[in-house]
Amino acid sequence: VVSAVQDPSYPVYVDTSVMLGQTGEVDAETSQFDKIVYMPCNPSNDFFPDLSAAKDADVIYFCSPNNPTGAAASREQLQELVEFAREHGSIVVFDAAYAPFVRAEGVPRSIFEIEGAKECAIEVNSFSKYAGFTGVRLGWTVVPDELRFADGSPVRNDFNRVMTTAFNGASNIVQAGGMAILDGEGAEEVEALIEYYLGNAKILRDACIAAGKKCYGGTDSPYVYVDLDGQSSWAAFEELLERAQVVTIPGAGFGPGGEGFLRLSAFAPREACLEAAERLKAAWMAAEA
């Protein structure tokens, strides 16, 4: 199985392929594994990859809004992805974990808003970002009846066999928590929480801009992706940790395409974000003085 991933992207897509023995060795120079297709996503291509690189991929992992870049794919971009997958016989694994953060008009929250997606896509999601279930663990996977292997057999049959063999299901108390999130009162609380985190993201984004930094995301996503203008991710991480006592995430941790960027997260109390924003702004402005 050949997998294609956005570069940068959430590391678990690559890690699971490695754990399943579907890759070769890692290239020390590029930090890329053999037999995985890395699709660069950066400001020069509006964080949407050149899909032609994945023409031989069996599985295409795609996250929107993306972790770590914060980029949310447009309807036209997702239509291109679906058409490409159908043409080349690939299955898109669409990670919609950050869908509730989308605020822009016309930006899909689900791959199944795109015509033809049910014939080529699986969608995964969870309550981790919706409602802080990161430790509780409760998610779901949508495998459409229309999704078929080349021989015409339903993908859902194989998926169901794997899941019922390897997993006994979430506990009753966890499922009850999930149901509470979906009722009227729970949905209102989730919406308020999302708005709170988006407010944090705006604070961090505004601080970056005030310090003269190019940044992306933070509008349809809880992540702000900061361009370091040539500085390495780890060097910037260490510098900010030492000078400002602020913990950031090096972009290189999300794949070689993240080198030269930092990810800032809005998942924190408002007071902490306000303090971090001031410290980051002061550190960056002092470095430019």
# chains A, B, ... in the order shown; residues from 1 in each chain; ligands from 1
>>> residues_around(residues="stretch 275-277 of chain A", least_positions_apart="2", cutoff="9 Å", atoms="only C-alpha atoms", output="JSON, numbers by chain")
{"A": [203, 204, 205, 206, 207, 208, 244, 245, 246, 247, 270, 271, 272, 273, 279, 280, 281, 282]}
>>> write_last_selection(atoms="C-alpha atoms", output="PDB file, in the first residue's frame")
ATOM      1  CA  ILE A 203      -4.945  37.101  20.006  1.00  0.00           C
ATOM      2  CA  LEU A 204      -1.952  34.992  18.964  1.00  0.00           C
ATOM      3  CA  ARG A 205      -2.326  35.885  15.297  1.00  0.00           C
ATOM      4  CA  ASP A 206      -2.565  39.618  16.038  1.00  0.00           C
ATOM      5  CA  ALA A 207       0.591  39.407  18.158  1.00  0.00           C
ATOM      6  CA  CYS A 208       2.485  37.769  15.310  1.00  0.00           C
ATOM      7  CA  ALA A 244      10.189  34.320  26.546  1.00  0.00           C
ATOM      8  CA  GLN A 245       9.447  31.114  28.456  1.00  0.00           C
ATOM      9  CA  VAL A 246       6.778  30.267  25.886  1.00  0.00           C
ATOM     10  CA  VAL A 247       6.381  26.737  24.561  1.00  0.00           C
ATOM     11  CA  ARG A 270      -7.468  33.149  27.743  1.00  0.00           C
ATOM     12  CA  GLU A 271      -5.093  34.590  30.366  1.00  0.00           C
ATOM     13  CA  ALA A 272      -2.302  32.274  29.223  1.00  0.00           C
ATOM     14  CA  CYS A 273      -2.800  33.246  25.577  1.00  0.00           C
ATOM     15  CA  ARG A 279       5.915  37.651  25.547  1.00  0.00           C
ATOM     16  CA  LEU A 280       6.219  36.460  21.955  1.00  0.00           C
ATOM     17  CA  LYS A 281       5.707  39.950  20.600  1.00  0.00           C
ATOM     18  CA  ALA A 282       8.320  41.399  22.944  1.00  0.00           C
TER      19      ALA A 282
END
>>> select_by_dssp(residues="stretch 179-219 of chain A", states="alpha helix (DSSP H)", output="number ranges by chain")
A: 179-182, 184-210
>>> write_last_selection(atoms="N, CA and C atoms", output="CSV table (one decimal), in the first residue's frame")
chain,number,residue,atom,x,y,z
A,179,MET,N,-23.2,11.6,23.7
A,179,MET,CA,-24.6,11.9,23.4
A,179,MET,C,-25.0,13.3,24.0
A,180,ALA,N,-24.4,13.6,25.2
A,180,ALA,CA,-24.7,14.8,25.9
A,180,ALA,C,-24.2,16.0,25.1
A,181,ILE,N,-23.1,15.8,24.4
A,181,ILE,CA,-22.5,16.8,23.5
A,181,ILE,C,-23.5,17.2,22.4
A,182,LEU,N,-24.2,16.2,21.9
A,182,LEU,CA,-25.0,16.3,20.7
A,182,LEU,C,-26.4,16.9,21.0
A,184,GLY,N,-29.2,19.7,22.6
A,184,GLY,CA,-29.3,21.1,22.4
A,184,GLY,C,-28.4,21.9,23.3
A,185,GLU,N,-28.4,21.6,24.6
A,185,GLU,CA,-27.6,22.3,25.5
A,185,GLU,C,-26.1,22.0,25.3
A,186,GLY,N,-25.8,20.8,25.0
A,186,GLY,CA,-24.4,20.4,24.8
A,186,GLY,C,-23.8,21.1,23.5
A,187,ALA,N,-24.6,21.1,22.5
A,187,ALA,CA,-24.2,21.8,21.2
A,187,ALA,C,-23.9,23.3,21.4
A,188,GLU,N,-24.8,23.9,22.3
A,188,GLU,CA,-24.5,25.3,22.6
A,188,GLU,C,-23.2,25.5,23.3
A,189,GLU,N,-22.9,24.7,24.2
A,189,GLU,CA,-21.7,24.8,25.0
A,189,GLU,C,-20.5,24.5,24.1
A,190,VAL,N,-20.6,23.6,23.2
A,190,VAL,CA,-19.5,23.3,22.2
A,190,VAL,C,-19.2,24.5,21.4
A,191,GLU,N,-20.3,25.2,20.9
A,191,GLU,CA,-20.2,26.3,20.0
A,191,GLU,C,-19.5,27.5,20.8
A,192,ALA,N,-19.9,27.6,22.1
A,192,ALA,CA,-19.2,28.7,22.9
A,192,ALA,C,-17.8,28.4,23.1
A,193,LEU,N,-17.4,27.1,23.3
A,193,LEU,CA,-16.0,26.7,23.5
A,193,LEU,C,-15.2,27.0,22.2
A,194,ILE,N,-15.8,26.7,21.1
A,194,ILE,CA,-15.1,26.9,19.8
A,194,ILE,C,-14.8,28.4,19.6
A,195,GLU,N,-15.8,29.2,19.9
A,195,GLU,CA,-15.6,30.7,19.8
A,195,GLU,C,-14.5,31.2,20.7
A,196,TYR,N,-14.5,30.6,21.9
A,196,TYR,CA,-13.5,31.0,22.9
A,196,TYR,C,-12.1,30.7,22.3
A,197,TYR,N,-11.9,29.5,21.8
A,197,TYR,CA,-10.6,29.1,21.2
A,197,TYR,C,-10.2,30.0,20.0
A,198,LEU,N,-11.2,30.3,19.2
A,198,LEU,CA,-11.0,31.1,18.0
A,198,LEU,C,-10.6,32.5,18.5
A,199,GLY,N,-11.1,33.0,19.6
A,199,GLY,CA,-10.7,34.3,20.2
A,199,GLY,C,-9.3,34.2,20.6
A,200,ASN,N,-8.9,33.1,21.2
A,200,ASN,CA,-7.5,32.9,21.6
A,200,ASN,C,-6.6,33.0,20.3
A,201,ALA,N,-7.0,32.3,19.3
A,201,ALA,CA,-6.2,32.2,18.0
A,201,ALA,C,-6.0,33.6,17.5
A,202,LYS,N,-7.1,34.5,17.5
A,202,LYS,CA,-7.0,35.8,17.0
A,202,LYS,C,-5.9,36.6,17.9
A,203,ILE,N,-5.9,36.4,19.2
A,203,ILE,CA,-4.9,37.1,20.0
A,203,ILE,C,-3.5,36.7,19.6
A,204,LEU,N,-3.3,35.5,19.4
A,204,LEU,CA,-2.0,35.0,19.0
A,204,LEU,C,-1.6,35.5,17.6
A,205,ARG,N,-2.6,35.4,16.7
A,205,ARG,CA,-2.3,35.9,15.3
A,205,ARG,C,-2.0,37.4,15.3
A,206,ASP,N,-2.8,38.2,16.0
A,206,ASP,CA,-2.6,39.6,16.0
A,206,ASP,C,-1.2,40.0,16.6
A,207,ALA,N,-0.7,39.2,17.6
A,207,ALA,CA,0.6,39.4,18.2
A,207,ALA,C,1.7,39.1,17.1
A,208,CYS,N,1.5,38.1,16.4
A,208,CYS,CA,2.5,37.8,15.3
A,208,CYS,C,2.6,38.9,14.3
A,209,ILE,N,1.4,39.4,13.9
A,209,ILE,CA,1.4,40.4,12.9
A,209,ILE,C,2.0,41.7,13.4
A,210,ALA,N,1.7,42.0,14.7
A,210,ALA,CA,2.2,43.2,15.3
A,210,ALA,C,3.8,43.1,15.4
>>> closest_atom_pairs(of="stretch 30-111 of chain A", to="stretch 219-235 of chain A", cutoff="6 Å", atoms="only C-alpha atoms", output="JSON lines")
{"residue": "A:Thr69", "atom": "CA", "partner": "A:Tyr225", "partner_atom": "CA", "distance": 5.2}
{"residue": "A:Gly70", "atom": "CA", "partner": "A:Ser221", "partner_atom": "CA", "distance": 5.1}
{"residue": "A:Phe101", "atom": "CA", "partner": "A:Asp220", "partner_atom": "CA", "distance": 5.1}
{"residue": "A:Val102", "atom": "CA", "partner": "A:Asp220", "partner_atom": "CA", "distance": 4.3}
{"residue": "A:Arg103", "atom": "CA", "partner": "A:Asp220", "partner_atom": "CA", "distance": 5.6}
>>> residues_around(residues="A:Phe112", least_positions_apart="5", cutoff="12 Å", atoms="only C-alpha atoms", output="list in words")
Arg75, Leu78, Gln79, Val82, Val92, Val93, Phe94, Asp95, Ala96, Ala117, Lys118, Glu119, Cys120, Ala121, Ile122, Glu123, Val124, Val142, Val143, Pro144 and Glu146 of chain A
>>> residues_around(residues="A:Tyr38", least_positions_apart="2", cutoff="7 Å", atoms="only C-alpha atoms", output="list in words")
Ala4, Val5, Gln6, Asp7, Ile36 and Pro40 of chain A
>>> write_last_selection(atoms="N, CA, C and O atoms", output="short mmCIF file (atom, residue, chain, number, x, y, z; two decimals), in the first residue's frame")
data_model
loop_
_atom_site.label_atom_id
_atom_site.label_comp_id
_atom_site.auth_asym_id
_atom_site.auth_seq_id
_atom_site.Cartn_x
_atom_site.Cartn_y
_atom_site.Cartn_z
N ALA A 4 -0.05 8.65 0.57
CA ALA A 4 0.36 10.02 0.29
C ALA A 4 -0.12 10.91 1.42
O ALA A 4 -1.24 10.74 1.92
N VAL A 5 0.72 11.85 1.83
CA VAL A 5 0.37 12.74 2.95
C VAL A 5 0.68 14.18 2.58
O VAL A 5 1.58 14.46 1.79
N GLN A 6 -0.10 15.08 3.16
CA GLN A 6 0.26 16.49 3.09
C GLN A 6 1.56 16.68 3.87
O GLN A 6 1.79 16.03 4.88
N ASP A 7 2.40 17.56 3.40
CA ASP A 7 3.65 17.85 4.10
C ASP A 7 3.75 19.35 4.31
O ASP A 7 3.97 20.08 3.35
N ILE A 36 6.51 6.49 0.85
CA ILE A 36 5.45 7.43 1.21
C ILE A 36 5.59 8.64 0.30
O ILE A 36 6.70 9.14 0.09
N PRO A 40 4.09 18.57 -0.77
CA PRO A 40 4.36 19.85 -0.10
C PRO A 40 3.14 20.77 -0.08
O PRO A 40 2.45 20.94 -1.08
#
>>> residues_around(residues="A:Ala73", least_positions_apart="6", cutoff="7 Å", atoms="only C-alpha atoms", output="short mmCIF file (atom, residue, chain, number, x, y, z; two decimals) with all heavy atoms, in the first residue's frame")
data_model
loop_
_atom_site.label_atom_id
_atom_site.label_comp_id
_atom_site.auth_asym_id
_atom_site.auth_seq_id
_atom_site.Cartn_x
_atom_site.Cartn_y
_atom_site.Cartn_z
N SER A 64 -8.41 18.83 6.79
CA SER A 64 -8.86 20.21 6.58
C SER A 64 -9.97 20.55 7.56
O SER A 64 -10.96 19.80 7.64
CB SER A 64 -9.36 20.39 5.15
OG SER A 64 -9.85 21.70 4.94
N PRO A 65 -9.80 21.65 8.30
CA PRO A 65 -8.62 22.50 8.44
C PRO A 65 -7.41 21.70 8.90
O PRO A 65 -7.54 20.77 9.68
CB PRO A 65 -9.04 23.54 9.48
CG PRO A 65 -10.54 23.58 9.40
CD PRO A 65 -10.94 22.16 9.13
N VAL A 107 -16.76 27.14 2.81
CA VAL A 107 -15.71 26.15 3.08
C VAL A 107 -16.36 24.90 3.67
O VAL A 107 -16.99 24.97 4.72
CB VAL A 107 -14.65 26.72 4.05
CG1 VAL A 107 -13.66 25.62 4.45
CG2 VAL A 107 -13.91 27.88 3.40
#
>>> atom_distance(atom1="atom CA of A:Asn45", atom2="atom CA of A:Ala71")
11.3 Å
>>> residues_around(residues="A:Asp151", least_positions_apart="4", cutoff="12 Å", atoms="only C-alpha atoms", output="compact mmCIF listing (two decimals) with N, CA and C atoms, in the first residue's frame")
# COMPACT_ATOMS: atom_id res chain seq x y z
N GLY A 89 -8.19 5.80 -8.70
CA GLY A 89 -8.51 4.65 -7.87
C GLY A 89 -7.96 4.73 -6.46
N LEU A 147 -18.46 3.12 -1.32
CA LEU A 147 -17.02 2.97 -1.46
C LEU A 147 -16.67 1.51 -1.68
N VAL A 155 -15.84 -1.64 0.87
CA VAL A 155 -14.76 -1.37 1.82
C VAL A 155 -15.28 -1.50 3.25
>>> residues_around(residues="stretch 126-128 of chain A", least_positions_apart="6", cutoff="10 Å", atoms="only C-alpha atoms", output="VMD selection string")
chain A and resid 95 to 98 134 to 141 177 to 178 181 190
>>> closest_residue(among="A:Gly217, A:Lys55, A:Asp158, A:Pro43", to="A:Ala72", atoms="only C-alpha atoms")
A:Gly217
>>> closest_residue(among="A:Glu105, A:Glu76, A:Asp27, A:Asp56", to="A:Ile91", atoms="only C-alpha atoms")
A:Asp56
>>> closest_residue(among="A:Cys215, A:Phe267, A:Gly258, A:Asp34", to="A:Ala131", atoms="only C-alpha atoms")
A:Phe267
